[in-house]
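The block underneath contains the structure these notes are about, expressed in structure tokens.
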Amino acid sequence: MKKIKASLAALLAVSVGFGASTVQAEEQTSTVRWGPIHLPAATADGPGEADNEMAGLPNISKYILSKIGMSMADYAVVAPCEDCYVTSIQPNLVLADGTVANFNNGTMLHHVVNQNLSNKDITCRPTLFGGGLMQLLGVLTGGNERVFAAGNERTAGEMADGYGYYIAPGDRWGLIYHLMNMKPEPKDVYFEYTFTWEDAKTSDLKSVRPIWIDIDQCDDSEMLVAAGYSDVEWEWKSDRTHKVTNIGGHIHNYGISIAWKNETKNETICNSVAGYAAGSSKVPVGTGSGEDDAHPTGYNTVTSDPLGLANYKGDISDMTTCNDGANAFENKKRDMMKVHAQISRPTETDHDMGIMVGFIDEAFCITNFWCF
């Protein structure tokens with residue numbers, strides 16, 4: 001089931017000079033619903049879950065995915081537009097009547113990953129030989145480009161001025177998600193995303209490519225993290241010269257920050273800091289190391305949220321983002337990049353996450369992976 005609302009009130013502006021006409025693109029807005037997703041009732045054993053569920057993938061993948069503990073949803077994942085440049089993404093999870101589904105009504109958006117199944121992922125290349133789940137998924141679907149992701153804090157993605165993410169005609173989209181219901185009654189929920197975008201035929205935006213950075217890079221994005229302070233890392237030797245035009249992070253409760261750093265040049269590209277409401281019991285139990293600007297000592301205390309701060313019930317509700325655009329620091333091919341996720345937990349867990357998702361302006365690429 002899908003619901004698309006297109007705002008067409010903004011008309012194309014036409015300017016005429018010297019006998020010639022030029023058409024300037026206007027930003028449009030679409031709100032898209034994907035679902036319904038059925039969440040079983042919570043029991044004495046734990047919450048009702050839609051865990052490792054996927055939507056939008058080819059039917060041929062169902063049998064193989066079932067063998068590795070993943071299930072397929074039966075609804076389409078419709079892209080917000082085609083032959084267009086996306087300029088912002090606002091994720092949300094809602095009940096059928098549009099009410100925000102959050103801790104206030106016993107619902108948790110543990111994570112959701114948006115994929116463009118028509119494109120290849122640059123930091124997790126599809127392969128049958130070795131690697132993790134995302135590499136296998138790329139082989140099964142023909143592509144596994146991870147475009148965007150959200151946790152329960154539902155951080156928006158805002159493209160830098162002059163840039164957009166291109167969706168080609170016919171691009172096939174998919175979802176991977178984990179949702180929880182803490183109430184004793186089952187419920188149906190929907191992903192509801194609001195996109196802004198421009199028509200590619202009239203837009204002068206420059207295309208950017210998504211980049212996914214993860215402490216468990218090509219697998220299920222979950223890791224064992226010990227009690228106390230941890231600085232969890234993953235590194236990538238850049239295979240292309242690029243600028244990170246905009247980027248943000250996702251960590252769980254007790255997380256302090258997650259940063260993307262050029263270790264070769266000792267330059268922090270972005271430090272995404274966690275935010276919690278005052279009085280939250282889920283804040284980090286200790287401080288960050290403070291050794292450099294990729295390791296701040298503390299988290300942020302937030303006082304408001306566009307989706308309602310009280311809905312989070314003290315859980316993590318915010319992550320800061322970076323949006324430097326054309327002024328971003330340039331990372332050269334073969335520079336060593338590293339993510340640093342600072343976490344300070346009261347107890348050990350086997351399902352912590354540390355993810356950054358951004359967009360890059362590449363210098364020049366001949367193919368997806370042959371770049372300068």
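We name chains A, B, ... following the order of the structure tokens; residues begin at 1 in each chain, and ligands are numbered from 1 as shown.
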
Expected answer as a ChimeraX atom specification: strand (DSSP E) residues in segment 78-246 of chain A: /A:84-90,93-95,107-116,145-150,157-158,163-167,173-181,187-199,206-207,209-214,223-225,228-237,242-246

Which polymer residues have any atom within 7 Å of an atom of Val244 of chain A, counting only C-alpha atoms, with same-chain residues fewer than 4 positions away left out, as a PyMOL selection string? chain A and resi 328+358-361

Would you mind exporting N, CA and C atoms of the selected residues as a PDB file, in the first residue's frame?
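File out_13.pdb, as written:
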ATOM      1  N   ALA A 328      33.775  21.803   1.482  1.00  0.00           N
ATOM      2  CA  ALA A 328      34.231  20.652   2.255  1.00  0.00           C
ATOM      3  C   ALA A 328      35.695  20.343   1.976  1.00  0.00           C
ATOM      4  N   GLY A 358      26.354   9.664   4.302  1.00  0.00           N
ATOM      5  CA  GLY A 358      26.530  10.977   3.708  1.00  0.00           C
ATOM      6  C   GLY A 358      26.529  10.909   2.200  1.00  0.00           C
ATOM      7  N   PHE A 359      26.897  12.023   1.577  1.00  0.00           N
ATOM      8  CA  PHE A 359      26.958  12.108   0.122  1.00  0.00           C
ATOM      9  C   PHE A 359      28.269  12.774  -0.273  1.00  0.00           C
ATOM     10  N   ILE A 360      28.853  12.292  -1.377  1.00  0.00           N
ATOM     11  CA  ILE A 360      30.162  12.789  -1.795  1.00  0.00           C
ATOM     12  C   ILE A 360      30.113  13.341  -3.210  1.00  0.00           C
ATOM     13  N   ASP A 361      30.914  14.365  -3.416  1.00  0.00           N
ATOM     14  CA  ASP A 361      31.157  14.956  -4.730  1.00  0.00           C
ATOM     15  C   ASP A 361      32.479  14.380  -5.217  1.00  0.00           C
TER      16      ASP A 361
END

May I have the residues within 10 Å of Ala96 of chain A as a list in words, using only C-alpha atoms and disregarding those fewer than 4 positions away in the same chain? Gly35, Pro36, Val100, Ala101, Lys187, Asp188, Val189 and Tyr190 of chain A

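Across A:Asp97, A:Asp350, A:Asp220, A:Glu362, the tightest approach to His178 of chain A is made by A:Asp220 when counting only C-alpha atoms.
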
Hey, what's within 10 Å of Pro169 of chain A if we count only C-alpha atoms and toss same-chain stuff fewer than 6 positions away? As an MDAnalysis selection string, please? chainID A and resid 79 81:84

Selection above as a file: C-alpha atoms, as a PDB file, in the first residue's frame:
ATOM      1  CA  ALA A  79      10.607   6.025  -5.007  1.00  0.00           C
ATOM      2  CA  CYS A  81      10.133  10.719  -7.892  1.00  0.00           C
ATOM      3  CA  GLU A  82      12.064   9.700 -10.985  1.00  0.00           C
ATOM      4  CA  ASP A  83      14.501  11.510 -13.246  1.00  0.00           C
ATOM      5  CA  CYS A  84      14.914  13.858 -10.305  1.00  0.00           C
TER       6      CYS A  84
END

Neighbours of segment 250-265 of chain A within 6 Å (only C-alpha atoms; same-chain residues fewer than 4 positions away dropped), as number ranges by chain? A: 269-274, 282-284, 294, 299, 316, 335-345, 353-355

Saved selection, atoms kept: N, CA and C atoms, as an mmCIF file, in the first residue's frame:
data_model
loop_
_atom_site.group_PDB
_atom_site.id
_atom_site.type_symbol
_atom_site.label_atom_id
_atom_site.label_comp_id
_atom_site.auth_asym_id
_atom_site.auth_seq_id
_atom_site.Cartn_x
_atom_site.Cartn_y
_atom_site.Cartn_z
ATOM 1 N N ILE A 269 36.456 15.069 9.253
ATOM 2 C CA ILE A 269 35.489 15.493 8.242
ATOM 3 C C ILE A 269 34.186 15.916 8.911
ATOM 4 N N CYS A 270 33.723 15.109 9.865
ATOM 5 C CA CYS A 270 32.489 15.433 10.574
ATOM 6 C C CYS A 270 32.478 14.722 11.917
ATOM 7 N N ASN A 271 31.994 15.422 12.920
ATOM 8 C CA ASN A 271 31.761 14.821 14.224
ATOM 9 C C ASN A 271 30.277 14.944 14.527
ATOM 10 N N SER A 272 29.567 13.813 14.536
ATOM 11 C CA SER A 272 28.126 13.788 14.779
ATOM 12 C C SER A 272 27.899 13.416 16.240
ATOM 13 N N VAL A 273 27.315 14.352 16.999
ATOM 14 C CA VAL A 273 27.199 14.210 18.453
ATOM 15 C C VAL A 273 25.762 13.850 18.828
ATOM 16 N N ALA A 274 25.606 12.919 19.756
ATOM 17 C CA ALA A 274 24.295 12.467 20.207
ATOM 18 C C ALA A 274 23.635 13.508 21.098
ATOM 19 N N LYS A 282 19.254 7.397 29.833
ATOM 20 C CA LYS A 282 19.963 6.628 28.808
ATOM 21 C C LYS A 282 21.217 7.334 28.309
ATOM 22 N N VAL A 283 21.645 8.388 29.006
ATOM 23 C CA VAL A 283 22.832 9.126 28.583
ATOM 24 C C VAL A 283 24.088 8.300 28.867
ATOM 25 N N PRO A 284 25.194 8.599 28.201
ATOM 26 C CA PRO A 284 26.445 7.881 28.472
ATOM 27 C C PRO A 284 26.815 7.934 29.957
ATOM 28 N N ALA A 294 37.715 14.557 16.955
ATOM 29 C CA ALA A 294 36.904 13.386 16.615
ATOM 30 C C ALA A 294 36.434 12.640 17.857
ATOM 31 N N TYR A 299 28.054 14.643 25.341
ATOM 32 C CA TYR A 299 26.907 14.625 24.448
ATOM 33 C C TYR A 299 26.191 15.969 24.529
ATOM 34 N N ILE A 316 17.651 8.370 23.155
ATOM 35 C CA ILE A 316 18.379 9.251 22.254
ATOM 36 C C ILE A 316 17.410 9.850 21.235
ATOM 37 N N ASP A 335 43.904 8.081 0.538
ATOM 38 C CA ASP A 335 43.907 8.560 1.922
ATOM 39 C C ASP A 335 43.226 7.521 2.810
ATOM 40 N N MET A 336 43.750 7.346 4.018
ATOM 41 C CA MET A 336 43.140 6.412 4.957
ATOM 42 C C MET A 336 42.079 7.144 5.781
ATOM 43 N N MET A 337 40.845 6.663 5.684
ATOM 44 C CA MET A 337 39.724 7.245 6.404
ATOM 45 C C MET A 337 39.337 6.301 7.547
ATOM 46 N N LYS A 338 38.857 6.874 8.655
ATOM 47 C CA LYS A 338 38.486 6.031 9.794
ATOM 48 C C LYS A 338 37.286 6.626 10.515
ATOM 49 N N VAL A 339 36.355 5.733 10.911
ATOM 50 C CA VAL A 339 35.231 6.136 11.736
ATOM 51 C C VAL A 339 35.562 5.835 13.191
ATOM 52 N N HIS A 340 35.155 6.752 14.090
ATOM 53 C CA HIS A 340 35.343 6.576 15.528
ATOM 54 C C HIS A 340 33.990 6.727 16.203
ATOM 55 N N ALA A 341 33.477 5.646 16.783
ATOM 56 C CA ALA A 341 32.211 5.689 17.511
ATOM 57 C C ALA A 341 32.511 5.596 19.004
ATOM 58 N N GLN A 342 32.197 6.678 19.725
ATOM 59 C CA GLN A 342 32.419 6.701 21.170
ATOM 60 C C GLN A 342 31.136 6.293 21.900
ATOM 61 N N ILE A 343 31.263 5.284 22.739
ATOM 62 C CA ILE A 343 30.123 4.735 23.474
ATOM 63 C C ILE A 343 30.556 4.512 24.919
ATOM 64 N N SER A 344 29.693 4.849 25.865
ATOM 65 C CA SER A 344 29.989 4.596 27.278
ATOM 66 C C SER A 344 28.750 3.975 27.920
ATOM 67 N N ARG A 345 28.788 2.653 28.056
ATOM 68 C CA ARG A 345 27.609 1.866 28.440
ATOM 69 C C ARG A 345 27.691 1.390 29.891
ATOM 70 N N MET A 353 25.201 -0.108 17.466
ATOM 71 C CA MET A 353 25.423 0.356 16.095
ATOM 72 C C MET A 353 26.250 1.641 16.109
ATOM 73 N N GLY A 354 26.973 1.851 15.037
ATOM 74 C CA GLY A 354 27.684 3.103 14.797
ATOM 75 C C GLY A 354 27.761 3.298 13.297
ATOM 76 N N ILE A 355 26.926 4.176 12.759
ATOM 77 C CA ILE A 355 26.778 4.327 11.312
ATOM 78 C C ILE A 355 26.834 5.805 10.946
#

In terms of only C-alpha atoms, the residue from A:Thr367, A:Asn102, A:Gln90, A:Thr141 at minimal distance from Asp315 of chain A is A:Asn102

Could you pull out the residues in segment 138-268 of chain A that DSSP calls helix (DSSP H, G or I) from the backbone, as a PyMOL selection string? chain A and resi 138-141

Selection: 6 Å around Ala149 of chain A, only C-alpha atoms, excl. self and same-chain fewer than 4 positions, as a compact mmCIF listing (two decimals) with C-alpha atoms, in the first residue's frame:
# COMPACT_ATOMS: atom_id res chain seq x y z
CA VAL A 112 15.69 1.35 8.66
CA VAL A 113 17.97 1.35 5.61
CA ASN A 114 16.87 2.80 2.27

Which is closest to Gly56 of chain A among A:Thr297, A:Asn327, A:Thr123, A:Asn116, if we use only C-alpha atoms? A:Asn116

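Neighbouring residues of Asp318 of chain A at 8 Å or closer, counting only C-alpha atoms and skipping chain neighbours under 2 positions away, are Glu153, Arg154, Thr155, Ala274, Gly275, Tyr276, Val302, Asp305, Ile316 and Thr320 of chain A.
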
Writer output for current selection, N, CA and C atoms, as a JSON list (two decimals), in the first residue's frame:
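File written: part32.json
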[["chain", "number", "residue", "atom", "x", "y", "z"],
["A", 153, "GLU", "N", 15.92, 8.12, 16.41],
["A", 153, "GLU", "CA", 16.06, 9.58, 16.50],
["A", 153, "GLU", "C", 15.62, 10.29, 15.23],
["A", 154, "ARG", "N", 15.54, 9.57, 14.08],
["A", 154, "ARG", "CA", 14.93, 10.06, 12.84],
["A", 154, "ARG", "C", 15.56, 11.35, 12.33],
["A", 155, "THR", "N", 16.88, 11.35, 12.27],
["A", 155, "THR", "CA", 17.61, 12.51, 11.80],
["A", 155, "THR", "C", 17.35, 12.75, 10.32],
["A", 274, "ALA", "N", 25.61, 12.92, 19.76],
["A", 274, "ALA", "CA", 24.30, 12.47, 20.21],
["A", 274, "ALA", "C", 23.63, 13.51, 21.10],
["A", 275, "GLY", "N", 22.28, 13.54, 21.05],
["A", 275, "GLY", "CA", 21.52, 14.44, 21.89],
["A", 275, "GLY", "C", 20.45, 13.71, 22.69],
["A", 276, "TYR", "N", 20.28, 14.10, 23.95],
["A", 276, "TYR", "CA", 19.30, 13.50, 24.85],
["A", 276, "TYR", "C", 18.56, 14.62, 25.58],
["A", 302, "VAL", "N", 19.29, 18.31, 24.57],
["A", 302, "VAL", "CA", 18.39, 18.97, 23.63],
["A", 302, "VAL", "C", 17.09, 19.35, 24.34],
["A", 305, "ASP", "N", 12.30, 18.99, 19.63],
["A", 305, "ASP", "CA", 12.44, 18.08, 18.50],
["A", 305, "ASP", "C", 11.25, 18.29, 17.57],
["A", 316, "ILE", "N", 17.65, 8.37, 23.15],
["A", 316, "ILE", "CA", 18.38, 9.25, 22.25],
["A", 316, "ILE", "C", 17.41, 9.85, 21.23],
["A", 320, "THR", "N", 23.74, 15.41, 15.60],
["A", 320, "THR", "CA", 24.12, 16.56, 14.78],
["A", 320, "THR", "C", 24.61, 16.09, 13.42]]
